[in-house]
$ cat protein20.pdb   # PDB, C-alpha atoms
ATOM      1  CA  MET V 963      91.145 -54.249 -15.054
ATOM      2  CA  SER V 964      91.774 -52.862 -18.550
ATOM      3  CA  ALA V 965      94.073 -49.891 -19.033
ATOM      4  CA  THR V 966      92.563 -46.438 -18.693
ATOM      5  CA  ILE V 967      92.517 -44.530 -21.985
ATOM      6  CA  LEU V 968      90.477 -41.431 -21.091
ATOM      7  CA  GLU V 969      89.722 -39.751 -17.764
ATOM      8  CA  VAL V 970      87.203 -36.906 -17.791
ATOM      9  CA  ARG V 971      86.846 -34.879 -14.606
ATOM     10  CA  ASN V 972      84.370 -32.056 -13.943
ATOM     11  CA  LEU V 973      84.055 -31.220 -17.630
ATOM     12  CA  LYS V 974      81.683 -28.389 -18.459
ATOM     13  CA  LYS V 975      80.558 -26.398 -21.471
ATOM     14  CA  ARG V 976      78.808 -23.041 -21.367
ATOM     15  CA  PHE V 977      77.535 -21.440 -24.576
ATOM     16  CA  THR V 978      77.037 -17.693 -25.003
ATOM     17  CA  LEU V 979      74.490 -16.333 -27.477
ATOM     18  CA  HIS V 980      76.015 -13.021 -28.425
ATOM     19  CA  GLU V 981      72.917 -11.808 -30.261
ATOM     20  CA  THR V 982      70.869 -11.917 -27.065
ATOM     21  CA  GLN V 983      73.740 -11.631 -24.566
ATOM     22  CA  THR V 984      72.573 -14.768 -22.782
ATOM     23  CA  SER V 985      74.417 -17.898 -21.695
ATOM     24  CA  PHE V 986      73.437 -21.457 -20.882
ATOM     25  CA  ASP V 987      75.159 -24.645 -19.750
ATOM     26  CA  ALA V 988      75.183 -27.484 -22.287
ATOM     27  CA  PHE V 989      76.376 -29.722 -19.426
ATOM     28  CA  ASP V 990      78.201 -29.278 -16.144
ATOM     29  CA  ASN V 991      80.607 -31.304 -13.995
ATOM     30  CA  VAL V 992      80.744 -34.456 -16.122
ATOM     31  CA  SER V 993      83.201 -37.105 -14.930
ATOM     32  CA  LEU V 994      83.812 -40.503 -16.515
ATOM     33  CA  THR V 995      86.502 -43.045 -17.314
ATOM     34  CA  VAL V 996      86.882 -44.979 -20.580
ATOM     35  CA  ARG V 997      89.024 -48.120 -20.682
ATOM     36  CA  ALA V 998      90.668 -50.163 -23.405
ATOM     37  CA  GLY V 999      88.433 -52.799 -24.934
ATOM     38  CA  SER V1000      85.196 -51.389 -23.549
ATOM     39  CA  PHE V1001      82.304 -49.225 -24.690
ATOM     40  CA  THR V1002      80.994 -46.512 -22.390
ATOM     41  CA  GLY V1003      77.590 -45.150 -23.373
ATOM     42  CA  LEU V1004      76.157 -41.687 -22.730
ATOM     43  CA  VAL V1005      72.428 -41.810 -22.079
ATOM     44  CA  GLY V1006      69.871 -39.142 -21.250
ATOM     45  CA  ALA V1007      67.059 -37.045 -22.656
ATOM     46  CA  SER V1008      67.374 -35.117 -25.894
ATOM     47  CA  GLY V1009      69.196 -31.859 -25.188
ATOM     48  CA  ALA V1010      70.998 -33.212 -22.117
ATOM     49  CA  GLY V1011      74.378 -32.478 -23.731
ATOM     50  CA  LYS V1012      75.527 -35.945 -24.803
ATOM     51  CA  SER V1013      76.774 -34.895 -28.246
ATOM     52  CA  SER V1014      78.325 -31.750 -26.800
ATOM     53  CA  ILE V1015      80.356 -33.870 -24.377
ATOM     54  CA  LEU V1016      81.795 -35.858 -27.286
ATOM     55  CA  LYS V1017      82.563 -32.684 -29.241
ATOM     56  CA  CYS V1018      84.355 -31.168 -26.252
ATOM     57  CA  ILE V1019      86.505 -34.284 -25.824
ATOM     58  CA  TYR V1020      87.330 -34.166 -29.544
ATOM     59  CA  ARG V1021      87.826 -30.386 -29.241
ATOM     60  CA  ARG V1022      85.284 -29.385 -31.858
ATOM     61  CA  TYR V1023      83.971 -27.356 -28.946
ATOM     62  CA  LEU V1024      86.371 -25.721 -26.509
ATOM     63  CA  PRO V1025      85.389 -26.842 -22.993
ATOM     64  CA  SER V1026      84.604 -24.167 -20.417
ATOM     65  CA  GLY V1027      86.294 -26.056 -17.589
ATOM     66  CA  GLY V1028      87.433 -29.396 -16.258
ATOM     67  CA  ASN V1029      89.966 -31.885 -17.599
ATOM     68  CA  CYS V1030      90.128 -34.663 -20.227
ATOM     69  CA  TRP V1031      93.268 -36.705 -19.658
ATOM     70  CA  PHE V1032      94.053 -38.898 -22.654
ATOM     71  CA  HIS V1033      96.635 -41.679 -22.281
ATOM     72  CA  THR V1034      98.597 -41.908 -25.541
ATOM     73  CA  THR V1035     100.240 -44.991 -27.027
ATOM     74  CA  ASP V1036     103.688 -43.733 -25.975
ATOM     75  CA  GLY V1037     102.659 -43.291 -22.328
ATOM     76  CA  GLU V1038     102.124 -39.536 -22.376
ATOM     77  CA  ILE V1039      99.053 -38.135 -20.605
ATOM     78  CA  VAL V1040      97.603 -35.169 -22.507
ATOM     79  CA  ASP V1041      94.887 -32.886 -21.164
ATOM     80  CA  LEU V1042      92.677 -32.400 -24.218
ATOM     81  CA  VAL V1043      91.127 -29.305 -22.619
ATOM     82  CA  THR V1044      94.394 -27.362 -22.602
ATOM     83  CA  ALA V1045      96.361 -29.085 -25.399
ATOM     84  CA  SER V1046      97.550 -26.927 -28.273
ATOM     85  CA  ASP V1047      95.658 -27.025 -31.553
ATOM     86  CA  GLN V1048      98.679 -28.671 -33.187
ATOM     87  CA  ARG V1049      98.824 -31.440 -30.569
ATOM     88  CA  THR V1050      95.074 -31.947 -30.842
ATOM     89  CA  LEU V1051      95.317 -32.375 -34.614
ATOM     90  CA  GLU V1052      98.167 -34.873 -34.218
ATOM     91  CA  LEU V1053      96.080 -36.971 -31.855
ATOM     92  CA  ARG V1054      93.095 -36.805 -34.204
ATOM     93  CA  ARG V1055      95.215 -38.105 -37.072
ATOM     94  CA  LYS V1056      96.738 -40.993 -35.135
ATOM     95  CA  GLU V1057      94.816 -41.935 -32.005
ATOM     96  CA  ILE V1058      91.398 -40.285 -31.558
ATOM     97  CA  ARG V1059      88.640 -40.597 -34.135
ATOM     98  CA  PHE V1060      85.087 -39.226 -34.212
ATOM     99  CA  VAL V1061      82.040 -40.670 -36.010
ATOM    100  CA  SER V1062      78.989 -38.423 -36.286
ATOM    101  CA  GLN V1063      75.679 -38.543 -38.126
ATOM    102  CA  PHE V1064      77.111 -36.187 -40.745
ATOM    103  CA  LEU V1065      79.854 -36.448 -43.349
ATOM    104  CA  HIS V1066      81.760 -33.528 -44.851
ATOM    105  CA  THR V1067      83.965 -34.282 -47.854
ATOM    106  CA  LEU V1068      84.996 -32.545 -51.043
ATOM    107  CA  PRO V1069      81.979 -32.458 -53.421
ATOM    108  CA  ARG V1070      83.590 -34.568 -56.182
ATOM    109  CA  GLN V1071      85.770 -36.788 -53.994
ATOM    110  CA  SER V1072      84.930 -40.484 -54.249
ATOM    111  CA  ALA V1073      83.984 -42.529 -51.205
ATOM    112  CA  ARG V1074      87.160 -44.584 -51.580
ATOM    113  CA  LYS V1075      89.378 -41.484 -51.616
ATOM    114  CA  ALA V1076      87.479 -39.935 -48.705
ATOM    115  CA  VAL V1077      88.132 -43.039 -46.632
ATOM    116  CA  ALA V1078      91.790 -43.237 -47.707
ATOM    117  CA  GLU V1079      92.463 -39.584 -46.867
ATOM    118  CA  PRO V1080      93.362 -40.079 -43.165
ATOM    119  CA  LEU V1081      95.993 -42.658 -44.135
ATOM    120  CA  ILE V1082      97.463 -40.450 -46.842
ATOM    121  CA  GLN V1083      97.831 -37.707 -44.238
ATOM    122  CA  SER V1084      99.786 -40.232 -42.155
ATOM    123  CA  GLU V1085     102.380 -40.540 -44.935
ATOM    124  CA  ILE V1086     101.203 -43.889 -46.295
ATOM    125  CA  THR V1087     101.428 -44.127 -50.078
ATOM    126  CA  PRO V1088      98.203 -43.334 -51.961
ATOM    127  CA  GLU V1089      98.152 -46.822 -53.470
ATOM    128  CA  ASP V1090      98.377 -48.561 -50.079
ATOM    129  CA  ALA V1091      95.844 -46.134 -48.613
ATOM    130  CA  LEU V1092      93.335 -46.846 -51.391
ATOM    131  CA  ASN V1093      93.826 -50.588 -50.978
ATOM    132  CA  GLN V1094      93.118 -50.333 -47.270
ATOM    133  CA  ALA V1095      90.125 -48.072 -47.985
ATOM    134  CA  THR V1096      88.718 -50.717 -50.327
ATOM    135  CA  ALA V1097      89.069 -53.418 -47.670
ATOM    136  CA  THR V1098      87.452 -51.207 -45.029
ATOM    137  CA  LEU V1099      84.488 -50.261 -47.213
ATOM    138  CA  GLU V1100      83.937 -53.916 -48.059
ATOM    139  CA  ARG V1101      84.055 -54.904 -44.398
ATOM    140  CA  ILE V1102      81.469 -52.354 -43.250
ATOM    141  CA  GLY V1103      79.140 -53.280 -46.096
ATOM    142  CA  LEU V1104      79.020 -50.226 -48.378
ATOM    143  CA  PRO V1105      77.925 -51.537 -51.812
ATOM    144  CA  GLN V1106      80.806 -51.763 -54.268
ATOM    145  CA  ARG V1107      78.917 -49.730 -56.876
ATOM    146  CA  LEU V1108      79.271 -46.693 -54.570
ATOM    147  CA  TRP V1109      82.980 -46.877 -53.850
ATOM    148  CA  ASP V1110      84.033 -44.547 -56.661
ATOM    149  CA  LEU V1111      81.074 -42.174 -56.437
ATOM    150  CA  PRO V1112      81.016 -38.960 -54.361
ATOM    151  CA  PRO V1113      79.300 -39.355 -50.946
ATOM    152  CA  ALA V1114      77.435 -36.096 -51.617
ATOM    153  CA  THR V1115      75.075 -38.235 -53.721
ATOM    154  CA  PHE V1116      74.547 -40.883 -51.000
ATOM    155  CA  SER V1117      71.684 -41.480 -48.596
ATOM    156  CA  GLY V1118      72.132 -40.573 -44.929
ATOM    157  CA  GLY V1119      72.837 -44.185 -44.003
ATOM    158  CA  GLU V1120      75.411 -44.624 -46.767
ATOM    159  CA  ARG V1121      77.184 -41.464 -45.621
ATOM    160  CA  GLN V1122      77.300 -42.825 -42.088
ATOM    161  CA  LEU V1123      79.029 -45.963 -43.363
ATOM    162  CA  VAL V1124      81.657 -43.829 -45.115
ATOM    163  CA  ASN V1125      82.089 -41.799 -41.939
ATOM    164  CA  MET V1126      82.648 -44.971 -39.932
ATOM    165  CA  ALA V1127      85.130 -46.280 -42.492
ATOM    166  CA  ARG V1128      87.122 -43.022 -42.298
ATOM    167  CA  ALA V1129      87.393 -43.467 -38.537
ATOM    168  CA  LEU V1130      88.300 -47.157 -38.654
ATOM    169  CA  ILE V1131      90.962 -47.017 -41.345
ATOM    170  CA  VAL V1132      93.363 -45.393 -38.896
ATOM    171  CA  ARG V1133      93.037 -47.859 -36.024
ATOM    172  CA  PRO V1134      92.224 -45.448 -33.196
ATOM    173  CA  ARG V1135      93.065 -45.743 -29.538
ATOM    174  CA  LEU V1136      89.844 -43.894 -28.665
ATOM    175  CA  LEU V1137      86.729 -43.860 -30.856
ATOM    176  CA  LEU V1138      83.933 -41.349 -30.200
ATOM    177  CA  LEU V1139      80.539 -42.306 -31.635
ATOM    178  CA  ASP V1140      77.715 -39.787 -32.020
ATOM    179  CA  GLU V1141      74.580 -41.654 -33.167
ATOM    180  CA  PRO V1142      76.501 -43.726 -35.765
ATOM    181  CA  THR V1143      73.489 -45.907 -36.609
ATOM    182  CA  ALA V1144      70.764 -43.232 -36.675
ATOM    183  CA  SER V1145      70.147 -43.563 -40.441
ATOM    184  CA  LEU V1146      71.154 -47.187 -40.985
ATOM    185  CA  ASP V1147      68.909 -50.037 -42.069
ATOM    186  CA  PRO V1148      68.891 -53.234 -39.941
ATOM    187  CA  ALA V1149      71.501 -55.008 -42.070
ATOM    188  CA  SER V1150      73.927 -52.083 -41.910
ATOM    189  CA  THR V1151      73.307 -51.702 -38.191
ATOM    190  CA  ARG V1152      74.325 -55.334 -37.690
ATOM    191  CA  LYS V1153      77.549 -54.630 -39.601
ATOM    192  CA  MET V1154      78.217 -51.642 -37.347
ATOM    193  CA  VAL V1155      77.606 -53.739 -34.243
ATOM    194  CA  GLU V1156      80.052 -56.349 -35.554
ATOM    195  CA  GLU V1157      82.674 -53.637 -36.095
ATOM    196  CA  ILE V1158      82.237 -52.305 -32.579
ATOM    197  CA  ALA V1159      82.621 -55.809 -31.165
ATOM    198  CA  ARG V1160      85.779 -56.310 -33.231
ATOM    199  CA  LEU V1161      87.222 -52.997 -32.055
ATOM    200  CA  LYS V1162      86.578 -53.860 -28.418
ATOM    201  CA  ALA V1163      88.283 -57.216 -28.915
ATOM    202  CA  GLU V1164      91.309 -55.369 -30.321
ATOM    203  CA  GLY V1165      91.512 -53.120 -27.258
ATOM    204  CA  VAL V1166      90.026 -49.910 -28.677
ATOM    205  CA  ALA V1167      88.260 -47.684 -26.127
ATOM    206  CA  LEU V1168      84.830 -46.417 -27.219
ATOM    207  CA  LEU V1169      82.604 -43.644 -25.875
ATOM    208  CA  GLY V1170      79.345 -42.776 -27.561
ATOM    209  CA  VAL V1171      75.649 -42.170 -27.984
ATOM    210  CA  PHE V1172      73.048 -44.445 -29.601
ATOM    211  CA  HIS V1173      69.434 -43.463 -30.143
ATOM    212  CA  ASP V1174      68.315 -47.079 -29.702
ATOM    213  CA  PRO V1175      68.281 -48.010 -25.973
ATOM    214  CA  GLU V1176      68.286 -51.745 -26.744
ATOM    215  CA  LEU V1177      71.415 -51.317 -28.848
ATOM    216  CA  MET V1178      73.040 -49.299 -26.083
ATOM    217  CA  ASP V1179      72.203 -52.003 -23.528
ATOM    218  CA  ALA V1180      73.674 -54.676 -25.794
ATOM    219  CA  LEU V1181      76.931 -52.836 -26.513
ATOM    220  CA  ALA V1182      77.865 -50.822 -23.441
ATOM    221  CA  GLU V1183      79.806 -52.208 -20.493
ATOM    222  CA  GLU V1184      79.134 -48.964 -18.626
ATOM    223  CA  LYS V1185      76.564 -46.195 -18.966
ATOM    224  CA  ILE V1186      76.771 -42.552 -17.937
ATOM    225  CA  HIS V1187      73.435 -40.808 -17.349
ATOM    226  CA  VAL V1188      73.677 -37.156 -18.428
ATOM    227  CA  GLY V1189      71.264 -34.438 -17.309
ATOM    228  CA  GLY V1190      69.834 -33.676 -13.899
ATOM    229  CA  GLY V1191      73.120 -34.756 -12.326
ATOM    230  CA  VAL V1192      75.555 -37.196 -13.896
ATOM    231  CA  THR V1193      75.415 -40.767 -12.597
ATOM    232  CA  TRP V1194      77.329 -43.912 -13.543
ATOM    233  CA  GLU V1195      76.221 -47.527 -13.680
ATOM    234  CA  LYS V1196      77.320 -50.884 -14.973
ATOM    235  CA  ALA V1197      75.337 -51.886 -18.063
TER     236      ALA V1197
END
$ encode --input "protein20.pdb" --output "structure tokens"
Amino acid sequence: MSATILEVRNLKKRFTLHETQTSFDAFDNVSLTVRAGSFTGLVGASGAGKSSILKCIYRRYLPSGGNCWFHTTDGEIVDLVTASDQRTLELRRKEIRFVSQFLHTLPRQSARKAVAEPLIQSEITPEDALNQATATLERIGLPQRLWDLPPATFSGGERQLVNMARALIVRPRLLLLDEPTASLDPASTRKMVEEIARLKAEGVALLGVFHDPELMDALAEEKIHVGGGVTWEKA
């Protein structure tokens, strides 16, 4: 069996609406395991908390309880629920990446520089980082005419490709995918599927959500059903 990369146990998230002094559970008691070289899919109705689970693992949201044990490349096991902000940021730079439907970059920053940025933060020279960004953008299929333009001018699908490239350029140990193909055309979706297959072959662990159930069935080795009780099944 492949090495365990992420163990989530009894994870929960409760939101409080301070304006109305009310609270609600985004999800409760989620447990799952993600292994190297495999894709685990989160499935369930809209509003079941799938995206919130990913954001809690990545610590965009602070979980309300439970544990997320991440196995690092050097053998350390870090609980992402209780890790310091500094340790969380270190892991984001080097080992855990997140791809969402949305892209936030500096307004005038080119797509190539936006993709190179994670490498530059890892102390790679700007020239090498830009060269690797070029290769990554070419591989995922973003048209060359867009490489030196700001993503703020791009379509939703083109922004998603840049977002994916930013995640892939630092080869992650764990990749979290939140509807990465929602705005892509069929050709770009095929490119994304090819990238996911390549990442699995290289031993990357993937956890994510796809809006297309056929795509989820084709990609996921395991599926976690969220909402109305969390259940697990082989894909």
$ residues_around --input "protein20.pdb" --residues "region 1155-1165 of chain V" --least-positions-apart "2" --cutoff "6 Å" --atoms "only C-alpha atoms" --output "list of chain:residue names"
V:Ala998, V:Gly999, V:Ser1000, V:Arg1152, V:Lys1153
$ atom_distance --input "protein20.pdb" --atom1 "CA of Ser1046 (chain V)" --atom2 "CA of Val1132 (chain V)"
21.7 Å
$ resolve_selection --input "protein20.pdb" --expression "the PyMOL selection byres ((chain V and resi 1019) around 12)" --output "PyMOL selection string"
chain V and resi 968-971+973-975+992-994+996+1012-1018+1020-1032+1040-1045+1050+1053-1054+1058-1060+1136-1139+1169-1170
$ resolve_selection --input "protein20.pdb" --expression "the PyMOL selection byres ((chain V and resi 1117-1130) around 9)" --output "count of residues only"
45
$ atom_distance --input "protein20.pdb" --atom1 "CA of Ile1086 (chain V)" --atom2 "CA of Ile1039 (chain V)"
26.4 Å
$ axis_aligned_box --input "protein20.pdb" --around "region 1092-1103 of chain V" --padding-each-side "8 Å" --output "AutoDock Vina command-line options"
--center_x 86.5 --center_y -50.9 --center_z -47.3 --size_x 30.7 --size_y 24.1 --size_z 24.1
$ closest_residue --input "protein20.pdb" --among "V:Ser985, V:Thr1096, V:Thr978, V:Thr1035" --to "Ser1072 (chain V)" --atoms "all atoms listed in the file"
V:Thr1096
$ resolve_selection --input "protein20.pdb" --expression "the PyMOL selection byres ((chain V and resi 1184) around 12)" --output "PDB file with C-alpha atoms, in the coordinates of the input"
ATOM      1  CA  LEU V 994      83.812 -40.503 -16.515  1.00  0.00           C
ATOM      2  CA  THR V 995      86.502 -43.045 -17.314  1.00  0.00           C
ATOM      3  CA  VAL V 996      86.882 -44.979 -20.580  1.00  0.00           C
ATOM      4  CA  ARG V 997      89.024 -48.120 -20.682  1.00  0.00           C
ATOM      5  CA  GLY V 999      88.433 -52.799 -24.934  1.00  0.00           C
ATOM      6  CA  SER V1000      85.196 -51.389 -23.549  1.00  0.00           C
ATOM      7  CA  PHE V1001      82.304 -49.225 -24.690  1.00  0.00           C
ATOM      8  CA  THR V1002      80.994 -46.512 -22.390  1.00  0.00           C
ATOM      9  CA  GLY V1003      77.590 -45.150 -23.373  1.00  0.00           C
ATOM     10  CA  LEU V1004      76.157 -41.687 -22.730  1.00  0.00           C
ATOM     11  CA  VAL V1005      72.428 -41.810 -22.079  1.00  0.00           C
ATOM     12  CA  ALA V1167      88.260 -47.684 -26.127  1.00  0.00           C
ATOM     13  CA  LEU V1168      84.830 -46.417 -27.219  1.00  0.00           C
ATOM     14  CA  LEU V1169      82.604 -43.644 -25.875  1.00  0.00           C
ATOM     15  CA  GLY V1170      79.345 -42.776 -27.561  1.00  0.00           C
ATOM     16  CA  MET V1178      73.040 -49.299 -26.083  1.00  0.00           C
ATOM     17  CA  ASP V1179      72.203 -52.003 -23.528  1.00  0.00           C
ATOM     18  CA  ALA V1180      73.674 -54.676 -25.794  1.00  0.00           C
ATOM     19  CA  LEU V1181      76.931 -52.836 -26.513  1.00  0.00           C
ATOM     20  CA  ALA V1182      77.865 -50.822 -23.441  1.00  0.00           C
ATOM     21  CA  GLU V1183      79.806 -52.208 -20.493  1.00  0.00           C
ATOM     22  CA  LYS V1185      76.564 -46.195 -18.966  1.00  0.00           C
ATOM     23  CA  ILE V1186      76.771 -42.552 -17.937  1.00  0.00           C
ATOM     24  CA  HIS V1187      73.435 -40.808 -17.349  1.00  0.00           C
ATOM     25  CA  THR V1193      75.415 -40.767 -12.597  1.00  0.00           C
ATOM     26  CA  TRP V1194      77.329 -43.912 -13.543  1.00  0.00           C
ATOM     27  CA  GLU V1195      76.221 -47.527 -13.680  1.00  0.00           C
ATOM     28  CA  LYS V1196      77.320 -50.884 -14.973  1.00  0.00           C
ATOM     29  CA  ALA V1197      75.337 -51.886 -18.063  1.00  0.00           C
TER      30      ALA V1197
END
$ residues_near_point --input "protein20.pdb" --point "(76.0, -20.6, -22.0)" --cutoff "10 Å" --atoms "all atoms listed in the file" --output "PyMOL selection string"
chain V and resi 975-980+983-989+1026
$ atom_distance --input "protein20.pdb" --atom1 "CA of His1033 (chain V)" --atom2 "CA of Glu1085 (chain V)"
23.4 Å
